[in-house]
>>> print(open('query29.cif').read())   # mmCIF, C-alpha atoms
data_run
#
loop_
_atom_site.group_PDB
_atom_site.id
_atom_site.type_symbol
_atom_site.label_atom_id
_atom_site.label_comp_id
_atom_site.auth_asym_id
_atom_site.auth_seq_id
_atom_site.Cartn_x
_atom_site.Cartn_y
_atom_site.Cartn_z
ATOM 1 C CA MET A 1 36.848 84.187 7.489
ATOM 2 C CA THR A 2 39.961 86.095 6.556
ATOM 3 C CA ASP A 3 40.302 89.692 5.562
ATOM 4 C CA ASN A 4 41.709 89.985 2.088
ATOM 5 C CA LYS A 5 43.305 93.455 1.996
ATOM 6 C CA GLN A 6 44.085 93.332 -1.726
ATOM 7 C CA SER A 7 40.504 92.790 -2.851
ATOM 8 C CA GLY A 8 39.219 95.330 -0.347
ATOM 9 C CA GLY A 9 36.708 93.048 1.343
ATOM 10 C CA PRO A 10 36.142 89.879 3.271
ATOM 11 C CA CYS A 11 36.949 86.596 1.638
ATOM 12 C CA LEU A 12 35.073 83.642 3.036
ATOM 13 C CA LEU A 13 36.899 80.386 2.832
ATOM 14 C CA VAL A 14 34.390 78.141 4.591
ATOM 15 C CA ASP A 15 32.422 75.777 2.315
ATOM 16 C CA GLY A 16 33.220 77.847 -0.791
ATOM 17 C CA THR A 17 30.772 80.591 0.188
ATOM 18 C CA GLU A 18 32.851 83.514 -1.078
ATOM 19 C CA ALA A 19 30.241 83.977 -3.834
ATOM 20 C CA ILE A 20 27.673 84.933 -1.176
ATOM 21 C CA VAL A 21 29.560 88.053 -0.018
ATOM 22 C CA PRO A 22 28.855 90.209 -3.110
ATOM 23 C CA ASP A 23 25.134 89.374 -2.852
ATOM 24 C CA VAL A 24 25.110 90.243 0.855
ATOM 25 C CA HIS A 25 26.917 93.533 0.144
ATOM 26 C CA LYS A 26 24.411 94.363 -2.588
ATOM 27 C CA LYS A 27 21.472 93.714 -0.242
ATOM 28 C CA ILE A 28 22.998 95.821 2.575
ATOM 29 C CA LYS A 29 23.874 98.709 0.256
ATOM 30 C CA ALA A 30 20.370 98.744 -1.222
ATOM 31 C CA ALA A 31 18.762 98.916 2.245
ATOM 32 C CA PHE A 32 21.233 101.592 3.380
ATOM 33 C CA LYS A 33 20.746 103.785 0.315
ATOM 34 C CA LEU A 34 16.985 103.969 0.920
ATOM 35 C CA PHE A 35 17.793 106.091 3.988
ATOM 36 C CA ASP A 36 20.796 107.967 2.577
ATOM 37 C CA TYR A 37 18.707 111.019 1.783
ATOM 38 C CA GLU A 38 21.682 113.265 0.970
ATOM 39 C CA SER A 39 23.453 110.599 -1.141
ATOM 40 C CA ASN A 40 26.623 111.025 0.923
ATOM 41 C CA ASN A 41 26.979 107.397 2.082
ATOM 42 C CA LYS A 42 25.731 108.293 5.574
ATOM 43 C CA VAL A 43 22.438 107.714 7.353
ATOM 44 C CA ASP A 44 20.982 109.212 10.492
ATOM 45 C CA VAL A 45 21.646 106.929 13.468
ATOM 46 C CA ARG A 46 17.882 106.895 14.187
ATOM 47 C CA GLU A 47 17.312 105.018 10.897
ATOM 48 C CA LEU A 48 19.675 102.169 11.757
ATOM 49 C CA GLY A 49 17.079 99.939 13.441
ATOM 50 C CA THR A 50 14.745 100.208 10.458
ATOM 51 C CA ILE A 51 17.579 99.351 8.069
ATOM 52 C CA ILE A 52 18.605 96.328 10.137
ATOM 53 C CA TYR A 53 14.995 95.132 10.497
ATOM 54 C CA SER A 54 14.514 95.464 6.725
ATOM 55 C CA LEU A 55 17.434 93.073 6.300
ATOM 56 C CA GLY A 56 15.599 90.409 8.313
ATOM 57 C CA CYS A 57 17.514 90.864 11.561
ATOM 58 C CA PHE A 58 15.756 91.611 14.805
ATOM 59 C CA PRO A 59 18.224 92.672 17.490
ATOM 60 C CA THR A 60 17.110 93.714 20.963
ATOM 61 C CA GLN A 61 17.376 97.388 21.849
ATOM 62 C CA ALA A 62 20.588 96.597 23.773
ATOM 63 C CA ASP A 63 22.049 94.821 20.726
ATOM 64 C CA LEU A 64 21.018 97.733 18.534
ATOM 65 C CA HIS A 65 22.824 100.168 20.856
ATOM 66 C CA ASP A 66 25.936 97.962 20.657
ATOM 67 C CA ILE A 67 25.814 98.035 16.857
ATOM 68 C CA ILE A 68 25.407 101.820 16.889
ATOM 69 C CA ALA A 69 28.393 102.165 19.232
ATOM 70 C CA GLU A 70 30.435 100.079 16.799
ATOM 71 C CA VAL A 71 29.494 101.908 13.589
ATOM 72 C CA GLU A 72 28.539 105.490 14.502
ATOM 73 C CA GLU A 73 30.912 108.106 13.161
ATOM 74 C CA ASP A 74 32.567 109.839 16.154
ATOM 75 C CA HIS A 75 29.275 110.517 17.982
ATOM 76 C CA THR A 76 27.996 112.679 15.092
ATOM 77 C CA GLY A 77 24.613 110.981 14.897
ATOM 78 C CA TYR A 78 25.479 109.507 11.494
ATOM 79 C CA ILE A 79 26.406 106.029 10.329
ATOM 80 C CA PRO A 80 28.801 105.827 7.355
ATOM 81 C CA LEU A 81 28.324 103.021 4.852
ATOM 82 C CA ASP A 82 32.005 102.041 5.041
ATOM 83 C CA LYS A 83 31.598 101.181 8.758
ATOM 84 C CA PHE A 84 28.096 99.723 8.490
ATOM 85 C CA LEU A 85 28.821 97.417 5.529
ATOM 86 C CA PRO A 86 31.442 95.164 7.197
ATOM 87 C CA ALA A 87 29.598 95.085 10.534
ATOM 88 C CA MET A 88 26.258 94.186 8.909
ATOM 89 C CA THR A 89 27.906 91.688 6.559
ATOM 90 C CA LYS A 90 29.222 89.827 9.600
ATOM 91 C CA VAL A 91 25.776 89.946 11.261
ATOM 92 C CA LEU A 92 24.062 88.517 8.169
ATOM 93 C CA LEU A 93 26.668 85.831 7.466
ATOM 94 C CA GLU A 94 26.595 84.675 11.092
ATOM 95 C CA HIS A 95 22.766 84.709 11.094
ATOM 96 C CA LYS A 96 22.683 86.887 14.215
ATOM 97 C CA PHE A 97 19.345 88.250 15.404
ATOM 98 C CA PRO A 98 17.051 85.930 13.406
ATOM 99 C CA PRO A 99 13.327 86.626 13.210
ATOM 100 C CA ILE A 100 11.006 84.849 15.595
ATOM 101 C CA PRO A 101 9.431 81.766 13.976
ATOM 102 C CA GLU A 102 5.736 82.079 13.093
ATOM 103 C CA ASP A 103 4.625 79.353 15.512
ATOM 104 C CA LEU A 104 6.290 81.080 18.491
ATOM 105 C CA LEU A 105 4.789 84.408 17.503
ATOM 106 C CA LEU A 106 1.339 82.798 17.339
ATOM 107 C CA GLN A 107 1.872 81.217 20.763
ATOM 108 C CA ALA A 108 2.801 84.614 22.214
ATOM 109 C CA PHE A 109 -0.377 86.207 20.862
ATOM 110 C CA GLU A 110 -2.472 83.283 22.109
ATOM 111 C CA VAL A 111 -1.053 83.716 25.621
ATOM 112 C CA LEU A 112 -2.200 87.348 25.556
ATOM 113 C CA ASP A 113 -5.617 86.365 24.165
ATOM 114 C CA LYS A 114 -6.882 84.696 27.340
ATOM 115 C CA GLU A 115 -10.493 84.589 26.094
ATOM 116 C CA LYS A 116 -9.498 82.903 22.773
ATOM 117 C CA LYS A 117 -11.177 85.632 20.668
ATOM 118 C CA GLU A 118 -8.435 85.473 17.986
ATOM 119 C CA TYR A 119 -7.943 89.225 18.293
ATOM 120 C CA LEU A 120 -6.687 91.726 20.842
ATOM 121 C CA GLU A 121 -8.191 95.034 21.806
ATOM 122 C CA PRO A 122 -5.785 97.937 21.120
ATOM 123 C CA GLU A 123 -5.850 98.817 24.831
ATOM 124 C CA GLU A 124 -4.749 95.345 25.946
ATOM 125 C CA LEU A 125 -1.987 95.181 23.324
ATOM 126 C CA THR A 126 -0.809 98.661 24.362
ATOM 127 C CA LYS A 127 -0.754 97.605 28.011
ATOM 128 C CA HIS A 128 1.460 94.594 27.276
ATOM 129 C CA MET A 129 3.760 96.449 24.887
ATOM 130 C CA THR A 130 4.331 99.453 27.152
ATOM 131 C CA GLU A 131 4.626 97.649 30.498
ATOM 132 C CA GLU A 132 6.435 94.349 29.783
ATOM 133 C CA GLY A 133 9.618 93.268 28.012
ATOM 134 C CA GLU A 134 11.244 95.806 25.706
ATOM 135 C CA LEU A 135 8.999 98.785 26.257
ATOM 136 C CA PHE A 136 7.380 100.749 23.450
ATOM 137 C CA THR A 137 6.491 104.413 23.865
ATOM 138 C CA GLN A 138 2.900 105.605 23.561
ATOM 139 C CA GLU A 139 3.833 107.288 20.258
ATOM 140 C CA GLU A 140 5.266 104.026 18.883
ATOM 141 C CA MET A 141 2.102 102.197 19.939
ATOM 142 C CA GLU A 142 -0.117 104.768 18.222
ATOM 143 C CA GLU A 143 1.874 104.339 14.993
ATOM 144 C CA MET A 144 1.677 100.559 15.277
ATOM 145 C CA LEU A 145 -2.035 100.488 16.012
ATOM 146 C CA THR A 146 -2.743 102.818 13.101
ATOM 147 C CA ALA A 147 -1.139 100.216 10.852
ATOM 148 C CA LEU A 148 -2.273 97.032 12.622
ATOM 149 C CA ALA A 149 -5.788 97.559 13.961
ATOM 150 C CA ASP A 150 -8.712 96.679 11.726
ATOM 151 C CA HIS A 151 -10.183 99.973 10.575
ATOM 152 C CA GLU A 152 -13.788 98.762 10.851
ATOM 153 C CA ASP A 153 -13.926 97.301 14.360
ATOM 154 C CA ASN A 154 -10.578 98.501 15.799
ATOM 155 C CA HIS A 155 -9.419 94.981 16.750
ATOM 156 C CA VAL A 156 -5.938 93.596 16.188
ATOM 157 C CA TYR A 157 -6.437 90.232 14.441
ATOM 158 C CA TYR A 158 -3.116 88.620 15.219
ATOM 159 C CA LYS A 159 -3.380 85.592 12.917
ATOM 160 C CA ASP A 160 -3.658 87.965 9.956
ATOM 161 C CA LEU A 161 -0.648 89.925 11.196
ATOM 162 C CA ILE A 162 1.756 87.061 11.653
ATOM 163 C CA SER A 163 2.617 86.882 7.951
ATOM 164 C CA GLN A 164 3.304 90.635 8.009
ATOM 165 C CA LEU A 165 5.455 90.363 11.131
ATOM 166 C CA THR A 166 7.596 87.506 9.898
ATOM 167 C CA ILE A 167 10.080 87.442 7.064
ATOM 168 C CA ASP A 168 10.779 84.546 4.756
ATOM 169 C CA PRO A 169 14.416 83.665 5.561
ATOM 170 C CA ASP A 170 14.972 82.630 1.941
ATOM 171 C CA LEU A 171 14.413 86.168 0.620
#
>>> encode(input="query29.cif", output="structure tokens")
Amino acid sequence: MTDNKQSGGPCLLVDGTEAIVPDVHKKIKAAFKLFDYESNNKVDVRELGTIIYSLGCFPTQADLHDIIAEVEEDHTGYIPLDKFLPAMTKVLLEHKFPPIPEDLLLQAFEVLDKEKKEYLEPEELTKHMTEEGELFTQEEMEEMLTALADHEDNHVYYKDLISQLTIDPDL
């Protein structure tokens, strides 16, 4: 990849993929603008993870902090589009932070479901998500469970969720 200063953007020379860049830019700008509430080409730094996840990338919290450090505007708490666009373009073109494949996600849920019930109780899911790996806060868990738990019996049926938790890479 070379930086073509005259055209104002990256020019990919590998395998004739320069046609992909405008499509990638369009996708990134569309996701960014959803959170640009003041229409000033800036978003609150707290929205960055949601924007990146919506683009099909799933960085760790450490990776997310690295991205913020790279693109945040002078520690103002805002991310400008002109810094985010090239950084996110590189992430997407290099296929960094891909989603977890469905079969691995299913295996992870099955490991947690020791009794093979095909669902998890909200309490057991909360225990795992707040005590192991990348920790979620109680507030984040409450938001998640509101969206994920079956409203009739309050179980989290993980096989039904897998399609919601994974993204088709061809989109």
>>> residues_around(input="query29.cif", residues="stretch 19-25 of chain A", least_positions_apart="4", cutoff="7 Å", atoms="all atoms listed in the file", output="list in words")
Lys29, Leu85 and Thr89 of chain A
>>> resolve_selection(input="query29.cif", expression="the PyMOL selection byres ((chain A and resi 90-104) around 9)", output="list in words")
Ile20, Val21, Val24, Leu55, Gly56, Cys57, Phe58, Pro59, Thr60, Asp63, Leu85, Pro86, Ala87, Met88, Thr89, Leu105, Leu106, Gln107, Ala108, Phe109, Ile162, Ser163, Leu165, Thr166, Ile167 and Pro169 of chain A
>>> atom_distance(input="query29.cif", atom1="atom CA of A:Leu81", atom2="atom CA of A:Val43")
7.9 Å
>>> residues_around(input="query29.cif", residues="stretch 38-42 of chain A", least_positions_apart="4", cutoff="9 Å", atoms="all atoms listed in the file", output="list of chain:residue names")
A:Phe32, A:Lys33, A:Tyr78, A:Ile79, A:Pro80, A:Leu81, A:Asp82
>>> write_last_selection(input="query29.cif", atoms="C-alpha atoms", output="mmCIF file, in the frame of the given file")
data_model
loop_
_atom_site.group_PDB
_atom_site.id
_atom_site.type_symbol
_atom_site.label_atom_id
_atom_site.label_comp_id
_atom_site.auth_asym_id
_atom_site.auth_seq_id
_atom_site.Cartn_x
_atom_site.Cartn_y
_atom_site.Cartn_z
ATOM 1 C CA PHE A 32 21.233 101.592 3.380
ATOM 2 C CA LYS A 33 20.746 103.785 0.315
ATOM 3 C CA TYR A 78 25.479 109.507 11.494
ATOM 4 C CA ILE A 79 26.406 106.029 10.329
ATOM 5 C CA PRO A 80 28.801 105.827 7.355
ATOM 6 C CA LEU A 81 28.324 103.021 4.852
ATOM 7 C CA ASP A 82 32.005 102.041 5.041
#
>>> atom_distance(input="query29.cif", atom1="atom CA of A:Tyr53", atom2="atom CA of A:Glu118")
26.4 Å
>>> closest_residue(input="query29.cif", among="A:Leu135, A:Met129, A:Val45, A:Leu145", to="A:Thr76", atoms="all atoms listed in the file")
A:Val45
>>> decode(input="query29.cif", residues="stretch 77-97 of chain A", atoms="N, CA, C and O atoms", output="tab-separated table (two decimals), in the first residue's frame")
chain	number	residue	atom	x	y	z
A	77	GLY	N	-11.56	13.76	24.24
A	77	GLY	CA	-12.70	12.87	24.40
A	77	GLY	C	-13.48	12.72	23.10
A	77	GLY	O	-14.55	12.11	23.08
A	78	TYR	N	-12.93	13.24	22.00
A	78	TYR	CA	-13.59	13.15	20.71
A	78	TYR	C	-12.66	12.54	19.67
A	78	TYR	O	-11.45	12.72	19.71
A	79	ILE	N	-13.28	11.83	18.74
A	79	ILE	CA	-12.56	11.20	17.64
A	79	ILE	C	-12.98	11.90	16.35
A	79	ILE	O	-14.16	11.87	15.98
A	80	PRO	N	-12.04	12.54	15.64
A	80	PRO	CA	-12.40	13.16	14.36
A	80	PRO	C	-12.40	12.14	13.22
A	80	PRO	O	-11.58	11.21	13.21
A	81	LEU	N	-13.31	12.31	12.30
A	81	LEU	CA	-13.41	11.41	11.16
A	81	LEU	C	-12.10	11.35	10.38
A	81	LEU	O	-11.69	10.28	9.94
A	82	ASP	N	-11.42	12.48	10.20
A	82	ASP	CA	-10.21	12.49	9.39
A	82	ASP	C	-9.07	11.67	10.00
A	82	ASP	O	-8.16	11.23	9.29
A	83	LYS	N	-9.10	11.39	11.30
A	83	LYS	CA	-8.12	10.49	11.92
A	83	LYS	C	-8.64	9.05	11.95
A	83	LYS	O	-7.88	8.10	11.80
A	84	PHE	N	-9.95	8.90	12.17
A	84	PHE	CA	-10.54	7.57	12.27
A	84	PHE	C	-10.56	6.86	10.92
A	84	PHE	O	-10.28	5.66	10.84
A	85	LEU	N	-10.88	7.59	9.85
A	85	LEU	CA	-11.04	6.98	8.53
A	85	LEU	C	-9.79	6.22	8.07
A	85	LEU	O	-9.89	5.04	7.72
A	86	PRO	N	-8.59	6.83	8.07
A	86	PRO	CA	-7.43	6.05	7.61
A	86	PRO	C	-7.07	4.90	8.55
A	86	PRO	O	-6.69	3.82	8.09
A	87	ALA	N	-7.21	5.11	9.86
A	87	ALA	CA	-6.89	4.04	10.81
A	87	ALA	C	-7.84	2.86	10.64
A	87	ALA	O	-7.42	1.70	10.61
A	88	MET	N	-9.14	3.14	10.50
A	88	MET	CA	-10.12	2.06	10.36
A	88	MET	C	-10.04	1.42	8.99
A	88	MET	O	-10.28	0.21	8.86
A	89	THR	N	-9.70	2.18	7.98
A	89	THR	CA	-9.51	1.61	6.64
A	89	THR	C	-8.43	0.55	6.69
A	89	THR	O	-8.60	-0.56	6.16
A	90	LYS	N	-7.32	0.87	7.34
A	90	LYS	CA	-6.22	-0.09	7.47
A	90	LYS	C	-6.68	-1.34	8.22
A	90	LYS	O	-6.38	-2.46	7.82
A	91	VAL	N	-7.42	-1.14	9.31
A	91	VAL	CA	-7.92	-2.28	10.10
A	91	VAL	C	-8.78	-3.19	9.23
A	91	VAL	O	-8.63	-4.41	9.22
A	92	LEU	N	-9.71	-2.60	8.47
A	92	LEU	CA	-10.61	-3.41	7.64
A	92	LEU	C	-9.88	-4.09	6.50
A	92	LEU	O	-10.14	-5.26	6.21
A	93	LEU	N	-8.97	-3.39	5.84
A	93	LEU	CA	-8.26	-3.99	4.70
A	93	LEU	C	-7.31	-5.09	5.15
A	93	LEU	O	-7.04	-6.02	4.39
A	94	GLU	N	-6.80	-4.99	6.36
A	94	GLU	CA	-5.89	-6.02	6.88
A	94	GLU	C	-6.65	-7.13	7.61
A	94	GLU	O	-6.04	-8.05	8.14
A	95	HIS	N	-7.98	-7.00	7.67
A	95	HIS	CA	-8.83	-7.99	8.35
A	95	HIS	C	-8.39	-8.22	9.79
A	95	HIS	O	-8.35	-9.36	10.28
A	96	LYS	N	-8.05	-7.12	10.49
A	96	LYS	CA	-7.71	-7.22	11.90
A	96	LYS	C	-8.99	-7.43	12.70
A	96	LYS	O	-10.06	-6.99	12.30
A	97	PHE	N	-8.87	-8.05	13.83
A	97	PHE	CA	-9.96	-8.22	14.79
A	97	PHE	C	-11.20	-8.88	14.18
A	97	PHE	O	-12.30	-8.37	14.30
